[in-house]
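S.K.: Before we start, here is the structure in question, set down as structure tokens.
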Amino acid sequence: MGVLEGNPLQEMTREVNSFCKPNFLLNVALNGDNEITNVFAGELVSAHEQGCAFVKDHAMIKCERRFDVVVTTNAGYPLDQNLYQAVKGMNAAQKIVKQGGTIICAAECSEGMPEHGNFSKILQMRNTPKDLLEMINDPSFQMFDQWEAQRLAMIQEWADVYVYSTLPDESVAIAMLTPTKNIETTLKELQDKYGKDMSIAVLPLGPLTIPYVEE
């Protein structure tokens, strides 16, 4: 998220677009109300780089350090309809939480895991995030929806993750996450772990505002 250089997806995209011999790019930047805030047009790579620089200044937040605890969302309805989508909010939080820290994600998940697709099925194939990653990273394993299960496991290997949602505890357990019924209570309990100077960051818009730490 927010990384251009050394990003294999960006490199692949530029390579594929070079085969198509594009002549012109037209991109727009949006705000939270879906209003156009700027327009970028011209040569493919340079216009895109200018657009990304603008978005970094307007939609990304630089943090000076990582935090013990990050409370995040998936930006509310309709983006938090299920746990699959809520991983995006957790992913944003992982960018600024300390290794071994804690992420608390508030997402309604009215659609459940969801029931369609392979996300829930993949999560039940192994008993730990580490084992899940080893399975998915094996070149012989290929299943639709595996990337989101992989990203979740990577986050869980970095930090503890609590979920405040309408999901039944059984569904949260399938994802190897920890349910919380009261975020304030959970924060008080975490203070026993991290001490009275526990640092907390809050991402009210989840993945829509990308935080980052320059390390």
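Ligands are numbered from 1 in the order shown, chains are lettered A, B, ... in the order of the structure tokens, and residues start at 1 in each chain.
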Taking the DSSP secondary structure from the backbone, can you list the residues of region 72-116 of chain A that are strand (DSSP E or B), as a list in words?

M.R.: Thr72, Thr73, Val97, Lys98, Gln99, Gly100, Gly101, Thr102, Ile103, Ile104, Cys105 and Ala106 of chain A

S.K.: Write out as a short mmCIF file (atom, residue, chain, number, x, y, z; two decimals) with N, CA and C atoms, in the first residue's frame each polymer residue whose atoms come within 10 Å of His58 (chain A), counting only C-alpha atoms; drop sequence neighbours fewer than 6 positions from it.

M.R.:
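Generated output (result_32.cif):
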data_model
loop_
_atom_site.label_atom_id
_atom_site.label_comp_id
_atom_site.auth_asym_id
_atom_site.auth_seq_id
_atom_site.Cartn_x
_atom_site.Cartn_y
_atom_site.Cartn_z
N ALA A 29 -7.98 12.05 -8.76
CA ALA A 29 -7.91 11.77 -7.32
C ALA A 29 -9.24 12.19 -6.70
N LEU A 30 -9.68 11.42 -5.70
CA LEU A 30 -10.97 11.68 -5.06
C LEU A 30 -10.78 11.93 -3.58
N ASN A 31 -11.75 12.63 -2.97
CA ASN A 31 -11.76 12.78 -1.52
C ASN A 31 -12.80 11.83 -0.93
N THR A 37 -10.52 15.84 -6.71
CA THR A 37 -9.64 16.83 -6.09
C THR A 37 -8.48 17.22 -7.01
N CYS A 52 0.32 9.84 -7.88
CA CYS A 52 0.63 9.12 -6.65
C CYS A 52 1.25 10.05 -5.62
N THR A 209 -7.42 6.00 4.53
CA THR A 209 -6.29 6.88 4.82
C THR A 209 -5.12 5.98 5.21
N ILE A 210 -4.10 5.95 4.39
CA ILE A 210 -3.02 4.99 4.59
C ILE A 210 -1.93 5.59 5.48
#

S.K.: Within 12 Å of Glu49 (chain A), counting only C-alpha atoms, which residues show up once you throw out same-chain ones fewer than 3 positions away? Write them as a list in words, please.

M.R.: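 Answer for this query is Gly2, Val3, Leu4, Glu5, Gln10, Arg14, Leu25, Asn27, Phe40, Ala41, Gly42, Glu43, Leu44, Val45, Ser46, Cys52, Ala53, Phe54, Val55 and Lys56 of chain A.
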
S.K.: Write to file, as a compact mmCIF listing (two decimals), in the first residue's frame, the residues of the selection just made, with all heavy atoms.

M.R.:
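Writing the result to selection.txt gives the following:
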# COMPACT_ATOMS: atom_id res chain seq x y z
N GLY A 2 0.77 2.06 -1.03
CA GLY A 2 1.51 3.30 -1.09
C GLY A 2 2.97 3.14 -1.51
O GLY A 2 3.74 4.09 -1.42
N VAL A 3 3.35 1.96 -1.97
CA VAL A 3 4.74 1.71 -2.37
C VAL A 3 4.81 1.49 -3.88
O VAL A 3 4.13 0.61 -4.42
CB VAL A 3 5.32 0.47 -1.64
CG1 VAL A 3 6.74 0.19 -2.12
CG2 VAL A 3 5.28 0.69 -0.14
N LEU A 4 5.61 2.28 -4.56
CA LEU A 4 5.78 2.15 -6.01
C LEU A 4 7.09 1.44 -6.36
O LEU A 4 7.09 0.49 -7.13
CB LEU A 4 5.73 3.52 -6.68
CG LEU A 4 4.41 4.29 -6.62
CD1 LEU A 4 4.56 5.62 -7.33
CD2 LEU A 4 3.29 3.48 -7.24
N GLU A 5 8.19 1.94 -5.81
CA GLU A 5 9.49 1.37 -6.15
C GLU A 5 9.69 0.03 -5.47
O GLU A 5 9.45 -0.12 -4.27
CB GLU A 5 10.61 2.34 -5.75
CG GLU A 5 10.54 3.68 -6.47
CD GLU A 5 10.53 3.52 -7.98
OE1 GLU A 5 11.29 2.67 -8.50
OE2 GLU A 5 9.76 4.24 -8.65
N GLN A 10 3.49 -3.25 -9.34
CA GLN A 10 3.69 -2.05 -10.15
C GLN A 10 4.59 -2.34 -11.34
O GLN A 10 4.33 -1.89 -12.47
CB GLN A 10 4.31 -0.94 -9.29
CG GLN A 10 3.31 -0.20 -8.42
CD GLN A 10 2.36 0.66 -9.23
OE1 GLN A 10 2.73 1.25 -10.23
NE2 GLN A 10 1.11 0.71 -8.81
N ARG A 14 3.46 -1.97 -15.30
CA ARG A 14 4.14 -1.13 -16.27
C ARG A 14 4.62 -1.96 -17.47
O ARG A 14 4.57 -1.49 -18.62
CB ARG A 14 5.32 -0.42 -15.60
CG ARG A 14 4.87 0.61 -14.56
CD ARG A 14 6.05 1.32 -13.94
NE ARG A 14 5.62 2.28 -12.93
CZ ARG A 14 6.43 3.09 -12.27
NH1 ARG A 14 7.73 3.07 -12.52
NH2 ARG A 14 5.95 3.94 -11.38
N LEU A 25 -2.66 8.94 -20.61
CA LEU A 25 -3.26 8.51 -19.34
C LEU A 25 -4.13 9.62 -18.78
O LEU A 25 -3.74 10.79 -18.82
CB LEU A 25 -2.16 8.17 -18.33
CG LEU A 25 -2.65 7.92 -16.89
CD1 LEU A 25 -3.29 6.55 -16.78
CD2 LEU A 25 -1.49 8.04 -15.90
N ASN A 27 -6.11 10.18 -15.14
CA ASN A 27 -6.45 9.71 -13.80
C ASN A 27 -7.00 10.87 -12.98
O ASN A 27 -6.64 12.02 -13.22
CB ASN A 27 -5.22 9.16 -13.08
CG ASN A 27 -4.94 7.70 -13.42
OD1 ASN A 27 -5.75 7.03 -14.04
ND2 ASN A 27 -3.78 7.22 -13.01
N PHE A 40 -4.85 14.19 -13.45
CA PHE A 40 -3.49 13.93 -13.93
C PHE A 40 -3.58 13.28 -15.32
O PHE A 40 -4.25 12.25 -15.48
CB PHE A 40 -2.73 13.03 -12.96
CG PHE A 40 -2.69 13.60 -11.57
CD1 PHE A 40 -3.69 13.26 -10.65
CD2 PHE A 40 -1.71 14.48 -11.19
CE1 PHE A 40 -3.68 13.80 -9.38
CE2 PHE A 40 -1.70 15.03 -9.92
CZ PHE A 40 -2.68 14.69 -9.01
N ALA A 41 -2.93 13.90 -16.28
CA ALA A 41 -3.04 13.43 -17.65
C ALA A 41 -1.71 13.56 -18.36
O ALA A 41 -0.90 14.44 -18.05
CB ALA A 41 -4.12 14.23 -18.40
N GLY A 42 -1.47 12.66 -19.31
CA GLY A 42 -0.25 12.73 -20.11
C GLY A 42 0.40 11.37 -20.26
O GLY A 42 -0.28 10.34 -20.31
N GLU A 43 1.73 11.37 -20.34
CA GLU A 43 2.49 10.13 -20.51
C GLU A 43 2.24 9.19 -19.32
O GLU A 43 2.21 9.62 -18.17
CB GLU A 43 3.98 10.46 -20.64
CG GLU A 43 4.84 9.28 -21.11
CD GLU A 43 5.28 8.40 -19.96
OE1 GLU A 43 5.51 8.91 -18.85
OE2 GLU A 43 5.38 7.17 -20.17
N LEU A 44 2.09 7.92 -19.62
CA LEU A 44 1.63 6.92 -18.66
C LEU A 44 2.37 6.96 -17.33
O LEU A 44 1.77 7.18 -16.27
CB LEU A 44 1.74 5.52 -19.27
CG LEU A 44 1.31 4.36 -18.37
CD1 LEU A 44 -0.19 4.32 -18.25
CD2 LEU A 44 1.83 3.04 -18.92
N VAL A 45 3.67 6.78 -17.35
CA VAL A 45 4.44 6.63 -16.12
C VAL A 45 4.55 7.95 -15.36
O VAL A 45 4.29 8.01 -14.15
CB VAL A 45 5.84 6.05 -16.41
CG1 VAL A 45 6.68 6.01 -15.12
CG2 VAL A 45 5.73 4.65 -17.01
N SER A 46 4.94 9.03 -16.03
CA SER A 46 5.15 10.29 -15.35
C SER A 46 3.86 10.87 -14.78
O SER A 46 3.84 11.39 -13.66
CB SER A 46 5.80 11.31 -16.29
OG SER A 46 4.96 11.58 -17.41
N CYS A 52 0.32 9.84 -7.88
CA CYS A 52 0.63 9.12 -6.65
C CYS A 52 1.25 10.05 -5.62
O CYS A 52 0.98 9.93 -4.42
CB CYS A 52 1.56 7.95 -6.94
SG CYS A 52 0.77 6.59 -7.84
N ALA A 53 2.11 10.97 -6.07
CA ALA A 53 2.73 11.93 -5.15
C ALA A 53 1.66 12.83 -4.51
O ALA A 53 1.72 13.13 -3.32
CB ALA A 53 3.76 12.77 -5.90
N PHE A 54 0.67 13.23 -5.31
CA PHE A 54 -0.42 14.06 -4.78
C PHE A 54 -1.23 13.28 -3.76
O PHE A 54 -1.55 13.79 -2.67
CB PHE A 54 -1.32 14.51 -5.94
CG PHE A 54 -2.53 15.30 -5.49
CD1 PHE A 54 -2.45 16.67 -5.27
CD2 PHE A 54 -3.76 14.67 -5.31
CE1 PHE A 54 -3.56 17.39 -4.85
CE2 PHE A 54 -4.87 15.37 -4.89
CZ PHE A 54 -4.77 16.74 -4.67
N VAL A 55 -1.56 12.05 -4.08
CA VAL A 55 -2.37 11.23 -3.17
C VAL A 55 -1.60 10.95 -1.88
O VAL A 55 -2.18 10.92 -0.79
CB VAL A 55 -2.77 9.91 -3.87
CG1 VAL A 55 -3.38 8.94 -2.87
CG2 VAL A 55 -3.77 10.18 -4.98
N LYS A 56 -0.28 10.76 -1.98
CA LYS A 56 0.52 10.53 -0.77
C LYS A 56 0.42 11.72 0.17
O LYS A 56 0.32 11.56 1.39
CB LYS A 56 1.97 10.26 -1.13
CG LYS A 56 2.84 9.93 0.08
CD LYS A 56 4.23 9.50 -0.32
CE LYS A 56 5.05 9.10 0.91
NZ LYS A 56 6.40 8.61 0.54

S.K.: Apply DSSP to the structure's backbone, then extract all residues of region 2-111 of chain A labelled alpha helix (DSSP H) and return them as a PyMOL selection string.

M.R.: chain A and resi 8-20+44-59+83-94

S.K.: So how many Å separate CA of Val163 (chain A) and CA of Glu64 (chain A), to one decimal?

M.R.: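 Going from CA of Val163 (chain A) over to CA of Glu64 (chain A) covers 26.0 Å.
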
S.K.: Compare A:Glu111, A:Asp160, A:Ala175, A:Val97 by their minimum atom-to-atom distance to Leu79 (chain A), counting only C-alpha atoms, and give me the closest one.

M.R.: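 Closest to Leu79 (chain A) of all the choices is A:Glu111.
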
S.K.: Nearest to Tyr162 (chain A) among A:Asn82, A:Thr186, A:Asn137, A:Asn17, with distances taken over only C-alpha atoms: which residue is it?

M.R.: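 Going through A:Asn82, A:Thr186, A:Asn137, A:Asn17 one by one, the smallest distance to Tyr162 (chain A) is for A:Thr186.
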
S.K.: Return the single residue from A:Lys98, A:Asp68, A:Thr13, A:Val213 that is closest to Leu187 (chain A), with distances computed using only C-alpha atoms.

M.R.: A:Asp68

S.K.: Find the distance between CA of Val87 (chain A) and CA of Leu152 (chain A) and write it in Å to one decimal.

M.R.: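 If I compute the distance from CA of Val87 (chain A) to CA of Leu152 (chain A), I get 6.2 Å.
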
S.K.: Nearest residue to Pro114 (chain A) out of A:Met143, A:Met90, A:Lys181, A:Gln81, using only C-alpha atoms?

M.R.: A:Gln81

S.K.: Record the distance separating CA of Asn23 (chain A) and CA of Met60 (chain A), expressed in Å with one decimal.

M.R.: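 According to the coordinates, CA of Asn23 (chain A) and CA of Met60 (chain A) are separated by 29.3 Å.
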
S.K.: Residues at most 8 Å from region 100-103 of chain A, counting only C-alpha atoms, excluding those fewer than 4 positions away in the same chain, as a list of chain:residue names?

M.R.: A:Phe67, A:Asp68, A:Val69, A:Val70, A:Val71, A:Thr72, A:Met90, A:Ala93, A:Gln94, A:Trp158, A:Ala159, A:Asp160, A:Val161, A:Tyr162

S.K.: Pick out the residues sitting within 10 Å of Trp147 (chain A), and hand them over as number ranges by chain; count only C-alpha atoms, and ignore anything fewer than 6 positions along from it in its own chain.

M.R.: A: 119, 136, 153

S.K.: Go ahead and save the residues from that selection, with N, CA, C and O atoms, as an mmCIF file, in the first residue's frame.

M.R.:
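Printed below is out_30.cif as written:
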data_model
loop_
_atom_site.group_PDB
_atom_site.id
_atom_site.type_symbol
_atom_site.label_atom_id
_atom_site.label_comp_id
_atom_site.auth_asym_id
_atom_site.auth_seq_id
_atom_site.Cartn_x
_atom_site.Cartn_y
_atom_site.Cartn_z
ATOM 1 N N PHE A 119 -12.542 -18.052 1.190
ATOM 2 C CA PHE A 119 -11.825 -17.443 2.307
ATOM 3 C C PHE A 119 -11.949 -18.275 3.577
ATOM 4 O O PHE A 119 -10.951 -18.663 4.190
ATOM 5 N N ILE A 136 0.172 -21.704 1.865
ATOM 6 C CA ILE A 136 -0.120 -20.813 0.741
ATOM 7 C C ILE A 136 1.140 -20.498 -0.061
ATOM 8 O O ILE A 136 1.095 -20.368 -1.291
ATOM 9 N N ALA A 153 -2.916 -13.796 7.557
ATOM 10 C CA ALA A 153 -1.925 -14.579 8.304
ATOM 11 C C ALA A 153 -0.643 -13.779 8.518
ATOM 12 O O ALA A 153 -0.021 -13.860 9.583
#
